[in-house]
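The structure file start_17.tsv is reproduced below (TSV, C-alpha atoms).
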```tsv
chain	number	residue	atom	x	y	z
A	1	PHE	CA	-5.67	14.25	-18.20
A	2	TRP	CA	-5.77	16.30	-14.99
A	3	GLN	CA	-8.92	14.59	-13.65
A	4	ALA	CA	-6.95	12.14	-11.50
A	5	TYR	CA	-6.53	14.82	-8.77
A	6	TYR	CA	-3.14	13.24	-8.19
A	7	SER	CA	-1.89	15.82	-5.65
A	8	ASP	CA	-5.02	15.68	-3.51
A	9	VAL	CA	-5.18	11.90	-3.16
A	10	CYS	CA	-1.42	11.50	-2.67
A	11	ARG	CA	-1.45	14.21	-0.01
A	12	THR	CA	-4.17	12.36	1.87
A	13	PHE	CA	-2.22	9.12	1.66
A	14	ALA	CA	0.91	10.82	2.97
A	15	THR	CA	-0.89	11.93	6.14
A	16	GLN	CA	-1.99	8.42	7.02
A	17	ASP	CA	0.52	6.41	9.00
A	18	ALA	CA	-0.73	3.19	7.51
A	19	HIS	CA	0.23	4.36	4.03
A	20	ARG	CA	3.56	6.07	4.62
A	21	ARG	CA	5.28	3.30	2.69
A	22	TYR	CA	3.84	4.76	-0.51
A	23	ASN	CA	6.60	7.29	-1.03
A	24	PRO	CA	7.85	8.63	-4.36
A	25	ALA	CA	11.04	7.04	-5.66
A	26	ARG	CA	13.22	9.96	-4.56
A	27	MET	CA	12.18	9.40	-0.93
A	28	TYR	CA	13.29	5.78	-0.70
A	29	GLU	CA	16.47	5.58	1.35
A	30	ILE	CA	17.46	2.19	0.00
A	31	GLU	CA	19.88	1.00	-2.61
A	32	LEU	CA	17.97	-0.76	-5.34
A	33	PRO	CA	19.59	-3.79	-7.00
A	34	GLY	CA	21.19	-3.47	-10.42
A	35	ALA	CA	18.55	-3.12	-13.06
A	36	GLY	CA	19.79	-4.42	-16.38
A	37	SER	CA	19.77	-3.05	-19.89
A	38	THR	CA	17.17	-2.00	-22.45
A	39	ASP	CA	18.94	-4.40	-24.82
A	40	ASP	CA	17.34	-7.22	-22.86
A	41	GLU	CA	13.66	-7.83	-23.66
A	42	GLU	CA	13.09	-9.48	-20.27
A	43	PHE	CA	14.36	-6.34	-18.52
A	44	VAL	CA	11.91	-4.09	-20.35
A	45	VAL	CA	8.85	-6.34	-20.10
A	46	ASN	CA	9.31	-7.75	-16.59
A	47	ARG	CA	10.42	-4.65	-14.66
A	48	LEU	CA	6.94	-4.17	-13.17
A	49	GLY	CA	6.83	-3.80	-9.36
A	50	GLN	CA	10.59	-3.49	-8.86
A	51	ASP	CA	10.97	0.30	-8.85
A	52	PRO	CA	9.28	2.61	-6.30
A	53	GLY	CA	7.04	5.15	-7.97
A	54	ILE	CA	3.57	6.67	-8.13
A	55	HIS	CA	1.86	6.96	-11.52
A	56	VAL	CA	-1.52	7.68	-13.12
A	57	CYS	CA	-3.21	5.16	-15.40
A	58	GLY	CA	-3.86	6.62	-18.82
A	59	ASN	CA	-2.99	6.41	-22.49
A	60	ASP	CA	-0.81	9.54	-22.53
A	61	VAL	CA	2.13	10.95	-20.63
A	62	VAL	CA	3.53	14.48	-20.46
A	63	MET	CA	7.27	14.94	-20.91
A	64	ILE	CA	9.09	18.20	-20.19
A	65	LEU	CA	11.74	19.02	-22.80
A	66	SER	CA	14.46	21.64	-22.38
A	67	VAL	CA	16.08	23.34	-25.38
A	68	ALA	CA	18.89	25.90	-25.11
A	69	ASN	CA	19.45	28.33	-27.98
A	70	GLU	CA	23.18	29.02	-28.04
A	71	THR	CA	23.12	30.66	-31.47
A	72	SER	CA	23.01	34.38	-32.28
A	73	ALA	CA	19.55	34.23	-33.85
A	74	PRO	CA	16.08	33.35	-32.55
A	75	ILE	CA	14.94	29.85	-33.47
A	76	THR	CA	11.45	28.44	-33.92
A	77	LEU	CA	10.68	24.86	-32.88
A	78	SER	CA	7.83	22.72	-34.20
A	79	LYS	CA	6.85	19.06	-34.58
A	80	LEU	CA	7.81	17.30	-37.80
A	81	ASP	CA	4.30	15.94	-38.30
A	82	GLY	CA	2.65	19.31	-37.70
A	83	THR	CA	0.98	18.31	-34.42
A	84	ASP	CA	0.93	20.68	-31.47
A	85	LEU	CA	3.48	21.18	-28.75
A	86	GLY	CA	2.09	21.26	-25.22
A	87	PHE	CA	-1.19	19.56	-24.35
A	88	GLU	CA	-4.93	20.14	-24.44
A	89	GLY	CA	-5.77	23.56	-23.07
A	90	SER	CA	-2.20	24.77	-23.57
A	91	ALA	CA	-1.37	23.74	-27.13
A	92	MET	CA	0.89	25.67	-29.50
A	93	LYS	CA	1.95	25.04	-33.09
A	94	SER	CA	5.47	26.36	-32.58
A	95	LEU	CA	7.76	27.83	-29.94
A	96	LYS	CA	10.16	30.72	-30.46
A	97	ILE	CA	13.36	30.74	-28.38
A	98	LEU	CA	15.50	33.87	-28.23
A	99	PRO	CA	19.33	33.78	-28.38
A	100	GLY	CA	20.94	32.72	-25.13
A	101	VAL	CA	17.66	31.47	-23.68
A	102	SER	CA	16.89	27.97	-22.40
A	103	ALA	CA	13.21	27.08	-22.71
A	104	LYS	CA	11.25	24.24	-21.11
A	105	PHE	CA	7.97	23.09	-22.58
A	106	PRO	CA	5.61	20.10	-22.26
A	107	LEU	CA	5.06	17.46	-24.89
A	108	LEU	CA	2.08	15.09	-24.78
A	109	LEU	CA	3.02	11.60	-25.94
A	110	PRO	CA	1.12	8.32	-26.16
A	111	ARG	CA	2.40	5.66	-23.79
A	112	LEU	CA	4.64	3.08	-25.43
A	113	GLU	CA	4.58	-0.69	-25.66
A	114	ARG	CA	7.21	-2.40	-23.51
A	115	ALA	CA	9.78	-3.53	-26.07
A	116	PRO	CA	13.58	-3.32	-26.44
A	117	ASP	CA	13.35	-0.64	-29.16
A	118	ILE	CA	11.80	1.85	-26.73
A	119	CYS	CA	14.78	4.25	-27.02
A	120	ASP	CA	14.50	4.49	-30.80
A	121	ARG	CA	10.75	5.07	-30.57
A	122	LEU	CA	11.16	7.81	-27.96
A	123	THR	CA	13.79	9.52	-30.09
A	124	SER	CA	11.41	9.49	-33.05
A	125	MET	CA	8.43	10.77	-31.04
A	126	THR	CA	10.36	13.68	-29.47
A	127	ARG	CA	12.14	14.76	-32.66
A	128	LEU	CA	11.66	18.47	-33.48
A	129	GLN	CA	12.50	20.69	-36.41
A	130	TRP	CA	14.07	24.12	-35.91
A	131	GLN	CA	14.57	27.18	-38.08
A	132	ALA	CA	16.52	30.34	-37.35
A	133	ASP	CA	14.88	33.71	-37.79
A	134	VAL	CA	17.74	35.36	-39.73
A	135	SER	CA	15.81	38.57	-40.26
A	136	GLU	CA	16.51	39.45	-36.62
A	137	VAL	CA	20.29	38.92	-36.69
A	138	GLY	CA	22.95	41.50	-37.47
A	139	PHE	CA	25.91	41.62	-39.82
A	140	ASN	CA	28.07	39.43	-37.59
A	141	ALA	CA	25.78	36.49	-38.26
A	142	GLU	CA	26.20	36.65	-42.04
A	143	GLY	CA	29.01	34.14	-42.06
A	144	ALA	CA	26.88	31.58	-40.29
A	145	THR	CA	23.86	32.14	-42.52
A	146	GLY	CA	25.37	32.01	-46.00
A	147	GLY	CA	27.67	35.03	-46.12
A	148	PRO	CA	27.22	38.61	-47.39
A	149	MET	CA	26.96	37.47	-51.02
A	150	VAL	CA	23.71	35.63	-50.26
A	151	PRO	CA	20.55	37.84	-50.11
A	152	ILE	CA	19.15	38.22	-46.61
A	153	ASN	CA	15.92	36.43	-47.54
A	154	ARG	CA	17.93	33.39	-48.68
A	155	ARG	CA	20.08	33.06	-45.56
A	156	VAL	CA	18.23	30.25	-43.81
A	157	ARG	CA	19.44	27.94	-41.12
A	158	GLY	CA	17.44	24.99	-39.90
A	159	GLY	CA	17.59	21.34	-39.07
A	160	ILE	CA	16.42	18.51	-36.86
A	161	LEU	CA	16.73	18.43	-33.09
A	162	GLU	CA	16.59	15.07	-31.35
A	163	ILE	CA	17.62	13.24	-28.21
A	164	PRO	CA	20.26	10.66	-29.18
A	165	SER	CA	19.01	7.12	-28.66
A	166	VAL	CA	22.20	6.19	-26.81
A	167	CYS	CA	21.52	8.97	-24.25
A	168	LEU	CA	18.00	7.68	-23.64
A	169	LYS	CA	19.40	4.17	-23.25
A	170	ASN	CA	21.83	5.35	-20.56
A	171	ILE	CA	19.05	7.22	-18.75
A	172	ILE	CA	16.76	4.18	-18.68
A	173	ASP	CA	19.52	1.72	-17.80
A	174	GLU	CA	20.51	3.86	-14.81
A	175	ASN	CA	16.93	4.87	-13.88
A	176	PRO	CA	14.60	2.00	-14.85
A	177	ILE	CA	11.64	3.77	-13.21
A	178	PHE	CA	11.58	5.79	-16.45
A	179	LEU	CA	10.05	2.73	-18.10
A	180	SER	CA	6.92	2.93	-15.95
A	181	ARG	CA	6.64	6.65	-16.60
A	182	VAL	CA	6.51	6.30	-20.39
A	183	CYS	CA	5.23	2.74	-21.02
A	184	LYS	CA	1.64	1.56	-21.04
A	185	ALA	CA	-0.01	1.16	-17.65
A	186	PRO	CA	-0.39	-2.34	-16.18
A	187	CYS	CA	-4.05	-1.75	-15.33
A	188	PHE	CA	-7.10	0.41	-15.90
A	189	ILE	CA	-9.05	1.65	-12.86
A	190	SER	CA	-12.56	3.07	-12.99
A	191	VAL	CA	-14.23	4.86	-10.06
A	192	ASN	CA	-18.01	5.31	-10.05
A	193	LEU	CA	-20.65	6.53	-7.61
A	194	PRO	CA	-23.75	4.54	-8.54
A	195	GLY	CA	-27.11	5.84	-7.45
A	196	LEU	CA	-26.20	9.54	-7.36
A	197	ASN	CA	-27.52	12.24	-9.66
A	198	SER	CA	-24.57	13.87	-11.40
A	199	THR	CA	-24.29	17.47	-12.53
A	200	SER	CA	-22.02	18.55	-15.36
A	201	SER	CA	-18.92	18.22	-13.20
A	202	SER	CA	-19.69	16.35	-9.97
A	203	SER	CA	-22.29	14.51	-7.90
A	204	GLU	CA	-24.10	16.01	-4.93
A	205	VAL	CA	-24.88	14.41	-1.58
A	206	GLU	CA	-25.93	15.56	1.89
A	207	THR	CA	-23.95	14.98	5.07
A	208	GLY	CA	-24.93	11.84	6.91
A	209	LYS	CA	-26.03	10.03	3.75
A	210	ALA	CA	-24.03	6.97	2.71
A	211	VAL	CA	-22.45	7.05	-0.76
A	212	ASP	CA	-21.79	3.82	-2.66
A	213	VAL	CA	-18.38	3.63	-4.34
A	214	ALA	CA	-17.70	1.07	-7.08
A	215	VAL	CA	-14.16	0.49	-8.33
A	216	GLY	CA	-13.37	-1.64	-11.37
A	217	VAL	CA	-9.88	-2.97	-12.11
A	218	ASP	CA	-8.91	-4.37	-15.49
A	219	LEU	CA	-5.39	-5.72	-15.91
A	220	ALA	CA	-3.50	-4.98	-19.11
A	221	SER	CA	-3.28	-7.71	-21.72
A	222	TRP	CA	0.53	-7.46	-21.87
A	223	LEU	CA	0.86	-8.81	-18.31
A	224	SER	CA	2.04	-12.39	-18.70
A	225	HIS	CA	0.93	-15.24	-16.45
A	226	GLY	CA	4.53	-15.75	-15.30
A	227	LEU	CA	4.91	-12.09	-14.34
A	228	MET	CA	1.65	-12.08	-12.39
A	229	GLU	CA	2.62	-15.20	-10.44
A	230	LYS	CA	5.56	-13.35	-8.87
A	231	THR	CA	3.74	-10.03	-8.27
A	232	ASN	CA	1.53	-8.92	-5.38
A	233	LEU	CA	-1.42	-6.63	-6.20
A	234	THR	CA	-3.24	-4.50	-3.62
A	235	LEU	CA	-6.27	-2.30	-4.28
A	236	GLU	CA	-6.95	0.71	-2.02
A	237	PHE	CA	-9.80	3.24	-1.93
A	238	CYS	CA	-9.07	6.88	-1.13
A	239	CYS	CA	-11.02	10.07	-0.40
A	240	ALA	CA	-9.61	13.60	-0.16
A	241	ARG	CA	-10.75	17.19	0.03
A	242	LYS	CA	-10.59	18.80	-3.40
A	243	ASN	CA	-7.76	21.32	-3.91
A	244	SER	CA	-6.58	20.94	-0.33
A	245	SER	CA	-3.18	22.09	0.89
A	246	ASP	CA	-0.50	20.66	3.18
A	247	SER	CA	-1.35	23.26	5.83
A	248	GLU	CA	-4.96	22.09	6.04
A	249	ALA	CA	-5.30	19.80	9.06
A	250	PRO	CA	-8.99	19.34	9.92
A	251	GLU	CA	-9.74	19.21	13.62
A	252	LYS	CA	-12.42	16.60	13.07
A	253	ARG	CA	-12.88	13.81	10.61
A	254	ASP	CA	-14.64	14.78	7.37
A	255	TRP	CA	-15.65	11.25	6.35
A	256	ILE	CA	-15.52	7.60	7.28
A	257	TRP	CA	-15.23	4.52	5.08
A	258	ILE	CA	-17.57	1.57	5.51
A	259	GLY	CA	-16.47	-1.77	4.15
A	260	HIS	CA	-13.29	-3.37	2.88
A	261	VAL	CA	-11.23	-0.50	1.43
A	262	ARG	CA	-7.87	-2.28	1.20
A	263	LYS	CA	-7.81	-5.68	-0.38
A	264	ALA	CA	-5.36	-8.01	-2.05
A	265	LEU	CA	-6.13	-8.92	-5.65
A	266	ILE	CA	-5.46	-12.47	-6.76
A	267	SER	CA	-2.54	-12.50	-9.18
A	268	GLY	CA	-3.53	-13.58	-12.63
A	269	GLU	CA	-7.27	-13.33	-11.95
A	270	ARG	CA	-9.13	-10.90	-14.17
A	271	SER	CA	-11.72	-8.63	-12.59
A	272	LYS	CA	-15.12	-10.32	-12.27
A	273	GLY	CA	-16.99	-7.23	-11.11
A	274	PRO	CA	-16.60	-3.93	-9.25
A	275	HIS	CA	-15.15	-3.71	-5.76
A	276	LEU	CA	-17.62	-1.98	-3.45
A	277	ALA	CA	-17.41	0.23	-0.36
A	278	ARG	CA	-19.35	3.11	1.18
A	279	LEU	CA	-18.52	6.66	2.28
A	280	LEU	CA	-20.23	8.70	4.96
A	281	PHE	CA	-19.51	12.45	5.08
A	282	PHE	CA	-19.75	14.57	8.23
A	283	ASN	CA	-18.75	17.98	6.86
A	284	GLU	CA	-19.77	19.88	3.76
A	285	GLY	CA	-17.32	20.74	0.99
A	286	ASP	CA	-15.91	19.42	-2.28
A	287	TYR	CA	-14.25	15.99	-2.29
A	288	VAL	CA	-12.57	13.58	-4.69
A	289	VAL	CA	-12.87	9.80	-4.51
A	290	SER	CA	-10.30	7.60	-6.18
A	291	ALA	CA	-8.47	4.27	-5.95
A	292	CYS	CA	-5.05	2.86	-6.68
A	293	VAL	CA	-3.42	-0.51	-7.28
A	294	SER	CA	0.09	-1.23	-5.98
A	295	PHE	CA	2.37	-3.78	-7.62
A	296	SER	CA	5.24	-5.37	-5.70
A	297	ARG	CA	7.39	-8.44	-6.22
A	298	LEU	CA	7.19	-11.48	-3.98
A	299	GLY	CA	9.98	-11.60	-1.42
A	300	ASN	CA	10.27	-7.80	-1.46
A	301	ASP	CA	12.11	-7.11	1.80
A	302	ASN	CA	12.28	-3.32	1.29
A	303	ASP	CA	8.54	-3.01	0.62
A	304	VAL	CA	9.17	-1.36	-2.76
A	305	LYS	CA	5.86	-0.73	-4.51
A	306	GLU	CA	4.83	0.65	-7.87
A	307	VAL	CA	1.52	2.47	-7.36
A	308	TRP	CA	-0.98	3.30	-10.12
A	309	TRP	CA	-3.89	5.72	-9.55
A	310	ALA	CA	-7.15	5.86	-11.48
A	311	GLU	CA	-6.95	8.23	-14.43
A	312	LYS	CA	-10.23	9.90	-13.45
A	313	ALA	CA	-11.40	10.42	-9.90
A	314	ALA	CA	-15.04	10.89	-8.97
A	315	THR	CA	-15.95	14.31	-7.54
A	316	LEU	CA	-18.53	15.06	-4.87
A	317	HIS	CA	-20.13	18.24	-3.59
A	318	VAL	CA	-21.33	17.63	-0.04
A	319	THR	CA	-23.99	19.94	1.40
A	320	GLN	CA	-25.39	20.29	4.91
A	321	ARG	CA	-28.27	17.93	5.58
A	322	ASN	CA	-31.72	19.48	5.45
A	323	HIS	CA	-33.48	18.60	8.71
A	324	GLN	CA	-36.92	19.77	7.63
```
For this file, write the structure as structure tokens.
Amino acid sequence: FWQAYYSDVCRTFATQDAHRRYNPARMYEIELPGAGSTDDEEFVVNRLGQDPGIHVCGNDVVMILSVANETSAPITLSKLDGTDLGFEGSAMKSLKILPGVSAKFPLLLPRLERAPDICDRLTSMTRLQWQADVSEVGFNAEGATGGPMVPINRRVRGGILEIPSVCLKNIIDENPIFLSRVCKAPCFISVNLPGLNSTSSSSEVETGKAVDVAVGVDLASWLSHGLMEKTNLTLEFCCARKNSSDSEAPEKRDWIWIGHVRKALISGERSKGPHLARLLFFNEGDYVVSACVSFSRLGNDNDVKEVWWAEKAATLHVTQRNHQ
């Protein structure tokens, strides 16, 4: 899930004047037109390319949930179906929240089909069960847990915790970019480095040696012909130093692209083969190579784009050329 190297590639894009239009939604200083309602199927299905945002192609999405325990007893949260909270590498069967504490935790969810019942499906997928740990409460909590006539081991409180569907509907109606964050991606992007010997984690190459980069783009089956006719698609290649920071400003160029690295894709035309370019590195280090596809509507005066990055970037370890 984290192999997109989202921060690295976006940081590189942000430093290039030619790509400053690819800003996150919160940085657009424009007033977007009225969206519509999730009650309308056309609104849900045809919203593509109308809301500024940067996303990662993939089958899953991570949502951050916040739960406040305003009771006098600790509560334990868990999924109704017994699956884990969190995500791979940081999974947990349950989460204990102490009294008076507000906890935030991640939840890994599969992306949803674009359909009007999206609010009901999200409510169902994020529903949690809770149970109070009454053994840790004092006498004052007896009234809320069955009363003093009920044995302490029988005083149990529990229930279901869910986000009301009407609340989700209001969120999406006011912030339609939420649809792109939780719905299935409009494309799948693959990035490969043919001709290189790969180790367990990355490929290796020497400085001064050209690296072939092949990018495949497959459009999602749910994209209708009518929607594609009114949408512009642009593919862009990108290279970045791995785990770089904003303060890193190299005095000299680390690499150069050879070939057509920004190209318009023909709307409605399925990919017939990989898009090719070459990279030439001048300095050693660890790099990531990725690509993105931007979707925008025809007649888009504000240059609003919905950008989707490859789920998995290729990684390269560049070493100094051996002159022997």
Determine, counting only C-alpha atoms, every residue of protein, DNA or RNA that lies within 8 Å of (6.0, -1.5, -7.6) in the file coordinates, then give the result as a ChimeraX atom specification. /A:48-53,294-297,304-307
Create the file for the chosen residues now, containing C-alpha atoms and written as a PDB file, keeping the file's coordinate frame.
```
ATOM      1  CA  LEU A  48       6.940  -4.170 -13.170  1.00  0.00           C
ATOM      2  CA  GLY A  49       6.830  -3.800  -9.360  1.00  0.00           C
ATOM      3  CA  GLN A  50      10.590  -3.490  -8.860  1.00  0.00           C
ATOM      4  CA  ASP A  51      10.970   0.300  -8.850  1.00  0.00           C
ATOM      5  CA  PRO A  52       9.280   2.610  -6.300  1.00  0.00           C
ATOM      6  CA  GLY A  53       7.040   5.150  -7.970  1.00  0.00           C
ATOM      7  CA  SER A 294       0.090  -1.230  -5.980  1.00  0.00           C
ATOM      8  CA  PHE A 295       2.370  -3.780  -7.620  1.00  0.00           C
ATOM      9  CA  SER A 296       5.240  -5.370  -5.700  1.00  0.00           C
ATOM     10  CA  ARG A 297       7.390  -8.440  -6.220  1.00  0.00           C
ATOM     11  CA  VAL A 304       9.170  -1.360  -2.760  1.00  0.00           C
ATOM     12  CA  LYS A 305       5.860  -0.730  -4.510  1.00  0.00           C
ATOM     13  CA  GLU A 306       4.830   0.650  -7.870  1.00  0.00           C
ATOM     14  CA  VAL A 307       1.520   2.470  -7.360  1.00  0.00           C
TER      15      VAL A 307
END
```
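The gap separating CA of Val318 in chain A from CA of Val288 in chain A is 10.7 Å, in Å to one decimal.
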In Å to one decimal, how far is CA of Arg253 in chain A from CA of Ser203 in chain A? 20.8 Å
Record the distance separating CA of Asp84 in chain A and CA of Pro106 in chain A, expressed in Å with one decimal.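 It comes out at 10.3 Å.
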I need the residue nearest Val293 in chain A from this list: A:Ser190, A:Ser221, A:Asn243, A:Asn175. Use all atoms listed in the file for the distance. A:Ser190
From A:Ala73, A:Val213, A:Ala132, A:Ala291, residue lying nearest Gly159 in chain A [all atoms listed in the file]: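 Between A:Ala73, A:Val213, A:Ala132, A:Ala291, the residue approaching Gly159 in chain A most closely is A:Ala132.
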Residue among A:Thr83, A:Thr315, A:Thr76, A:Ser165 lying closest to Asp120 in chain A, counting only C-alpha atoms: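 For Asp120 in chain A, the nearest of the candidates is A:Ser165.
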When you count only C-alpha atoms, which of these residues is closest to Arg127 in chain A: A:Ile160, A:Leu107, A:Leu95, A:Ala277?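 So, comparing all the options, the nearest one is A:Ile160.
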Closest of A:Leu108, A:Val205, A:Leu227, A:Cys238 to Arg47 in chain A - atom-to-atom distances counting all atoms listed in the file: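 The shortest atom-to-atom distance to Arg47 in chain A comes from A:Leu227.
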Residue nearest His260 in chain A - candidates A:Gly195, A:Asn69, A:Leu279, A:Lys242, atoms counted: all atoms listed in the file: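 Selected residue with least distance to His260 in chain A: A:Leu279.
Every residue within 12 Å of the file position (-3.3, 17.3, -6.6), judged by only C-alpha atoms, is given as A:Trp2, A:Gln3, A:Ala4, A:Tyr5, A:Tyr6, A:Ser7, A:Asp8, A:Val9, A:Cys10, A:Arg11, A:Thr12, A:Phe13, A:Val56, A:Ala240, A:Arg241, A:Lys242, A:Asn243, A:Ser244, A:Ser245, A:Asp246, A:Tyr287, A:Val288, A:Ser290, A:Trp309, A:Ala313.
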